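**Student:** Next up, query35.cif (mmCIF, C-alpha atoms).
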data_target
loop_
_atom_site.label_atom_id
_atom_site.label_comp_id
_atom_site.auth_asym_id
_atom_site.auth_seq_id
_atom_site.Cartn_x
_atom_site.Cartn_y
_atom_site.Cartn_z
CA MET T 1 -5.58 21.66 -12.57
CA LYS T 2 -5.02 19.68 -15.74
CA HIS T 3 -5.91 16.00 -15.84
CA LEU T 4 -3.52 13.69 -17.60
CA LYS T 5 -4.53 10.80 -19.79
CA VAL T 6 -2.93 7.64 -21.07
CA GLY T 7 -0.60 8.44 -23.95
CA ASP T 8 0.41 11.83 -22.51
CA ARG T 9 4.03 12.52 -21.76
CA ALA T 10 4.57 12.21 -18.01
CA PRO T 11 5.43 15.63 -16.57
CA ASP T 12 9.04 15.67 -15.45
CA PHE T 13 9.95 16.34 -11.85
CA THR T 14 12.82 16.10 -9.41
CA LEU T 15 12.03 15.25 -5.81
CA PRO T 16 14.09 14.36 -2.74
CA SER T 17 13.66 10.83 -1.40
CA HIS T 18 14.01 9.05 1.91
CA LEU T 19 17.20 7.43 0.55
CA ASP T 20 18.94 10.85 0.58
CA THR T 21 19.04 10.94 -3.20
CA SER T 22 16.94 12.95 -5.57
CA VAL T 23 14.90 11.26 -8.23
CA LYS T 24 14.47 12.93 -11.59
CA LEU T 25 11.85 11.22 -13.71
CA SER T 26 13.59 11.94 -17.02
CA ASN T 27 16.69 10.12 -15.73
CA LEU T 28 14.65 6.92 -15.66
CA ARG T 29 14.15 6.59 -19.41
CA GLY T 30 14.57 2.97 -20.43
CA LYS T 31 12.87 1.81 -17.26
CA ALA T 32 9.26 1.14 -16.44
CA VAL T 33 8.26 3.50 -13.65
CA VAL T 34 5.40 3.28 -11.19
CA ILE T 35 4.44 6.52 -9.47
CA ALA T 36 2.10 6.02 -6.55
CA PHE T 37 0.56 8.94 -4.71
CA PHE T 38 -0.43 7.50 -1.38
CA PRO T 39 -2.02 10.03 0.95
CA LEU T 40 -2.52 8.92 4.54
CA ALA T 41 0.03 6.14 4.13
CA TRP T 42 -2.42 3.70 2.47
CA THR T 43 -4.36 3.36 5.70
CA PRO T 44 -8.11 2.86 5.52
CA VAL T 45 -9.89 6.16 6.05
CA MET W 46 3.46 15.04 0.65
CA ASP W 47 5.30 14.49 3.93
CA HIS W 48 8.76 15.88 4.40
CA VAL W 49 11.83 13.66 4.12
CA PRO W 50 12.53 13.05 7.86
CA CYS W 51 8.92 11.98 8.28
CA LEU W 52 9.21 9.55 5.34
CA LYS W 53 12.38 8.12 6.83
CA ALA W 54 10.67 7.49 10.13
CA TRP W 55 7.73 5.87 8.35
CA THR W 56 9.90 3.55 6.25
CA GLU W 57 11.90 2.53 9.31
CA THR W 58 8.76 1.12 10.86
CA PHE W 59 8.77 -1.43 8.00
CA GLY W 60 12.41 -2.24 8.52
CA GLY W 61 13.29 -0.01 5.56
CA ILE W 62 12.06 0.26 1.98
CA HIS W 63 14.52 -0.15 -0.86
CA TYR W 64 12.71 1.89 -3.51
CA PRO W 65 12.68 5.67 -3.19
CA ILE W 66 9.81 7.24 -1.28
CA LEU W 67 9.63 10.76 -2.67
CA SER W 68 8.70 13.87 -0.80
CA ASP W 69 6.32 16.27 -2.53
CA PHE W 70 6.42 18.48 0.55
CA TRP W 71 7.76 21.71 -0.91
CA PRO W 72 6.46 23.47 -2.90
CA HIS W 73 3.54 21.70 -1.33
CA GLY W 74 2.07 19.06 -3.66
CA ASP W 75 3.75 20.60 -6.70
CA VAL W 76 4.17 17.28 -8.50
CA ALA W 77 0.70 16.12 -7.48
CA LYS W 78 -0.61 19.30 -9.08
CA LYS W 79 1.29 18.57 -12.30
CA TYR W 80 -0.32 15.14 -12.36
CA GLY W 81 -3.76 16.51 -11.61
CA VAL W 82 -4.20 14.60 -8.36
CA LEU W 83 -3.98 17.31 -5.69
CA ARG W 84 -7.22 17.57 -3.76
CA SER W 85 -8.62 20.80 -2.41
CA GLU W 86 -8.14 19.45 1.14
CA GLY W 87 -4.38 19.69 0.58
CA TYR W 88 -3.57 16.01 0.13
CA THR W 89 -3.59 13.90 -2.99
CA GLU W 90 -5.82 11.31 -4.57
CA ARG W 91 -4.77 7.72 -4.20
CA ALA W 92 -3.34 7.55 -7.66
CA ILE W 93 -1.02 5.31 -9.60
CA PHE W 94 0.68 6.15 -12.87
CA ILE W 95 2.72 3.71 -14.92
CA ILE W 96 5.24 5.35 -17.20
CA ASP W 97 6.99 3.48 -19.98
CA ASP W 98 10.60 3.50 -21.11
CA ALA W 99 10.03 6.57 -23.27
CA GLY W 100 8.36 8.60 -20.52
CA ILE W 101 4.82 8.13 -21.78
CA ILE W 102 1.96 7.44 -19.39
CA ARG W 103 0.58 3.94 -20.01
CA TYR W 104 -1.79 3.49 -17.10
CA ILE W 105 -3.65 5.77 -14.72
CA ASP W 106 -5.59 4.62 -11.72
CA ILE W 107 -7.21 7.23 -9.55
CA HIS W 108 -8.73 5.47 -6.64
CA ASP W 109 -11.42 6.26 -4.21
CA ILE W 110 -9.64 7.56 -1.12
CA SER W 111 -11.29 4.88 1.01
CA GLU W 112 -9.97 2.01 -1.10
CA GLN W 113 -6.62 0.45 -1.67
CA PRO W 114 -5.51 -0.40 -5.18
CA ASP W 115 -5.40 -3.97 -6.40
CA ASN W 116 -1.80 -5.02 -6.86
CA ARG W 117 -2.76 -7.78 -9.28
CA ILE W 118 -4.06 -5.20 -11.76
CA LEU W 119 -0.88 -3.21 -11.35
CA PHE W 120 1.33 -6.23 -11.99
CA ALA W 121 -0.72 -7.13 -15.07
CA GLU W 122 -0.24 -3.60 -16.41
CA LEU W 123 3.49 -3.73 -15.76
CA LYS W 124 3.68 -7.06 -17.52
CA LYS W 125 2.35 -5.37 -20.67
CA LEU W 126 5.53 -3.26 -20.67
CA ARG W 127 7.71 -6.34 -20.09
CA PRO W 128 5.91 -9.20 -21.87
CA ASN W 129 8.90 -11.51 -21.53
CA TYR W 130 9.29 -11.10 -17.80
CA GLN W 131 8.86 -14.36 -15.90
CA GLU W 132 7.65 -14.00 -12.36
CA PRO W 133 9.59 -15.99 -9.82
CA GLU W 134 7.51 -18.92 -8.71
CA GLU W 135 5.95 -18.55 -5.33
CA VAL W 136 7.18 -21.07 -2.86
CA ALA W 137 5.33 -19.71 0.15
CA ASP W 138 4.04 -22.40 2.45
CA THR W 139 0.85 -21.33 4.20
CA SER W 140 0.13 -24.73 5.73
CA GLN W 141 1.92 -23.95 8.99
CA LEU W 142 -0.17 -20.87 9.84
CA PRO W 143 -2.29 -21.11 12.97
CA HIS W 144 -6.05 -21.65 12.85
CA GLY W 145 -8.87 -21.59 15.37
CA GLY W 146 -10.19 -18.80 17.57
CA ILE W 147 -8.98 -15.32 16.72
CA VAL W 148 -5.89 -15.18 14.56
CA MET W 149 -4.77 -11.63 13.84
CA TYR W 150 -2.48 -11.03 10.86
CA CYS W 151 -0.76 -7.77 11.64
CA THR W 152 2.38 -5.68 11.73
CA LYS W 153 4.12 -4.22 14.73
CA TRP W 154 3.31 -0.69 13.68
CA CYS W 155 -0.13 -0.55 12.10
CA PRO W 156 -2.46 1.65 14.16
CA GLU W 157 -5.50 -0.60 13.84
CA CYS W 158 -3.43 -3.61 14.92
CA ARG W 159 -2.50 -1.67 18.03
CA GLN W 160 -6.13 -0.84 18.73
CA ALA W 161 -7.10 -4.47 18.27
CA ARG W 162 -4.38 -5.67 20.65
CA ALA W 163 -5.51 -3.19 23.30
CA TRP W 164 -9.13 -4.23 22.90
CA PHE W 165 -8.42 -7.97 23.11
CA THR W 166 -6.40 -7.38 26.26
CA GLU W 167 -9.10 -5.20 27.79
CA MET W 168 -11.79 -7.76 26.96
CA MET W 169 -9.53 -10.63 28.07
CA MET W 170 -10.09 -12.30 24.70
CA PRO W 171 -7.47 -14.86 23.74
CA TYR W 172 -5.96 -14.36 20.29
CA THR W 173 -3.01 -15.45 18.23
CA GLU W 174 -0.86 -12.88 16.51
CA VAL W 175 0.87 -13.51 13.17
CA ASP W 176 3.37 -10.86 12.08
CA VAL W 177 3.02 -10.64 8.29
CA MET W 178 6.52 -9.19 7.99
CA SER W 179 8.29 -12.09 9.64
CA ILE W 180 6.17 -15.26 9.64
CA PRO W 181 6.79 -17.27 6.43
CA GLY W 182 3.71 -17.60 4.25
CA ALA W 183 1.74 -15.01 6.24
CA ASP W 184 1.97 -12.25 3.63
CA THR W 185 0.98 -14.65 0.84
CA GLN W 186 -2.02 -15.76 2.85
CA VAL W 187 -3.16 -12.19 3.60
CA ARG W 188 -2.72 -11.16 -0.05
CA GLU W 189 -4.79 -14.13 -1.12
CA TRP W 190 -7.64 -12.94 1.09
CA ASN W 191 -7.36 -9.25 0.08
CA ASN W 192 -7.07 -9.03 -3.72
CA GLY W 193 -3.30 -9.11 -3.59
CA ASN W 194 -3.00 -6.44 -0.91
CA LEU W 195 -1.15 -6.86 2.33
CA THR W 196 -3.89 -5.29 4.41
CA THR W 197 -3.50 -5.33 8.18
CA PRO W 198 -5.03 -6.27 10.40
CA THR W 199 -6.78 -9.18 8.73
CA PHE W 200 -8.48 -11.66 11.03
CA ASP W 201 -9.08 -15.36 10.63
CA ILE W 202 -11.83 -16.05 13.15
CA ASN W 203 -12.57 -19.74 13.15
CA GLY W 204 -12.01 -19.79 9.39
CA GLN W 205 -14.00 -16.62 8.63
CA ILE W 206 -11.98 -13.76 7.21
CA LEU W 207 -12.40 -10.18 8.34
CA THR W 208 -10.34 -7.33 6.93
CA GLY W 209 -9.81 -4.37 9.22
CA PHE W 210 -10.49 -4.01 12.93
CA ASN W 211 -14.20 -3.97 13.68
CA ARG W 212 -15.30 -4.81 17.22
CA GLU W 213 -18.89 -5.63 16.30
CA ARG W 214 -17.93 -7.92 13.43
CA ILE W 215 -15.41 -9.76 15.57
CA THR W 216 -18.03 -10.31 18.25
CA GLN W 217 -20.52 -11.54 15.63
CA LEU W 218 -18.02 -13.88 13.99
CA LEU W 219 -17.10 -15.42 17.33
CA LYS W 220 -20.77 -16.27 17.92
CA SER W 221 -21.43 -17.69 14.46
#
Do you think you could lay out the structure here as structure tokens?
**Tutor:**
Amino acid sequence: MKHLKVGDRAPDFTLPSHLDTSVKLSNLRGKAVVIAFFPLAWTPV
Amino acid sequence: MDHVPCLKAWTETFGGIHYPILSDFWPHGDVAKKYGVLRSEGYTERAIFIIDDAGIIRYIDIHDISEQPDNRILFAELKKLRPNYQEPEEVADTSQLPHGGIVMYCTKWCPECRQARAWFTEMMMPYTEVDVMSIPGADTQVREWNNGNLTTPTFDINGQILTGFNRERITQLLKS
């Protein structure tokens, strides 16, 4: 598994969302994007 | 990494979330893998990536799984991408929040809040509940105590702040 670093191009993806729309990262050019991976729903573990 | 119906159910417990919660369910963790944050246990790191207008990664935070990220750092990083952005001034009034005894800042849904409620009832301990989603100023107050995070439950026990439900600590704080 490759680790990304600052300055790398963000790998593109398309994923379904809870809003019934898909999100394709490359369609968000011109916007600042925050991607948060949040296992276990941010709860303390 | 949950599937879409599960995400919908989760967001509904907050009264809805307006930004898209994405499902990396199938192929399982495929995007997490691309970003190098899939753990061998099958779930992901707690990780945040900020991507700029051109699709370049500008910030990476891979967090210890037991910690929550600090939103203030995140906002500062985002501000670097939008140096001219003016934050709306906070007008939250925290002066009306209750004090004295056990005050529990919580949500309707959070599992630890539920445990705490059950325990207080069982122990016949009086407490005051403040719903951070609906009581004005409550979320500002909780964020102030928790590095900008809206962590629930957070307790104000006679002016002493405790984050997370911990029976022993609550008992100690009530004595001190």
**Student:** Given a cut-off of 7 Å, which residues of chain T touch chain W, counting all atoms listed in the file, written out as a VMD selection string?
**Tutor:** chain T and resid 1 to 4 6 to 11 13 15 to 19 29 to 39 42 44 to 45
**Student:** So what do you get for atom CA of W:Pro143 versus atom CA of W:Glu174, distance-wise?
**Tutor:**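 Straight-line distance from atom CA of W:Pro143 to atom CA of W:Glu174 works out to 9.1 Å.
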**Student:** By how many Å are atom CA of W:Asn203 and atom CA of W:Trp154 apart?
**Tutor:**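 For atom CA of W:Asn203 relative to atom CA of W:Trp154, the distance reads 24.8 Å.
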**Student:** Could you check how far atom CA of W:Met169 sits from atom CA of W:Thr208, in Å to one decimal?
**Tutor:**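 Spanning atom CA of W:Met169 to atom CA of W:Thr208 is a straight-line distance of 21.4 Å.
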**Student:** What would the list of residues within 6 Å of (-2.6, -8.2, 13.7) (file frame) look like as a list in words, if only C-alpha atoms are what count?
**Tutor:**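 So the residues meeting the distance criterion are Met149, Tyr150, Cys151, Thr152, Cys158, Glu174 and Pro198 of chain W.
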**Student:** Using only C-alpha atoms, which of the listed residues (W:Ala163, W:Ile206, W:Ile118, W:Leu219) sits closest to W:Gln186?
**Tutor:** W:Ile206
**Student:** Could you tell me which of W:Thr199, W:Asn194, W:Thr58, W:Thr185 comes closest to W:Ile147 if we count only C-alpha atoms?
**Tutor:**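 Under the stated criterion, the closest residue is W:Thr199.
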**Student:** Suppose a student applies the PyMOL selection byres ((chain W and resi 216) around 12) to this structure; what residues should they get, written as a list in words?
**Tutor:**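 Output of the PyMOL selection byres ((chain W and resi 216) around 12): Gly146, Ile147, Trp164, Phe165, Met168, Met170, Ile202, Leu207, Phe210, Asn211, Arg212, Glu213, Arg214, Ile215, Gln217, Leu218, Leu219, Lys220 and Ser221 of chain W.
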**Student:** Using all atoms listed in the file, which protein or nucleic acid residues come within 7 Å of W:Leu195? Drop anything in the same chain fewer than 5 positions from it, and give the result as an NGL selection string.
**Tutor:** :W and (184 or 187-188)
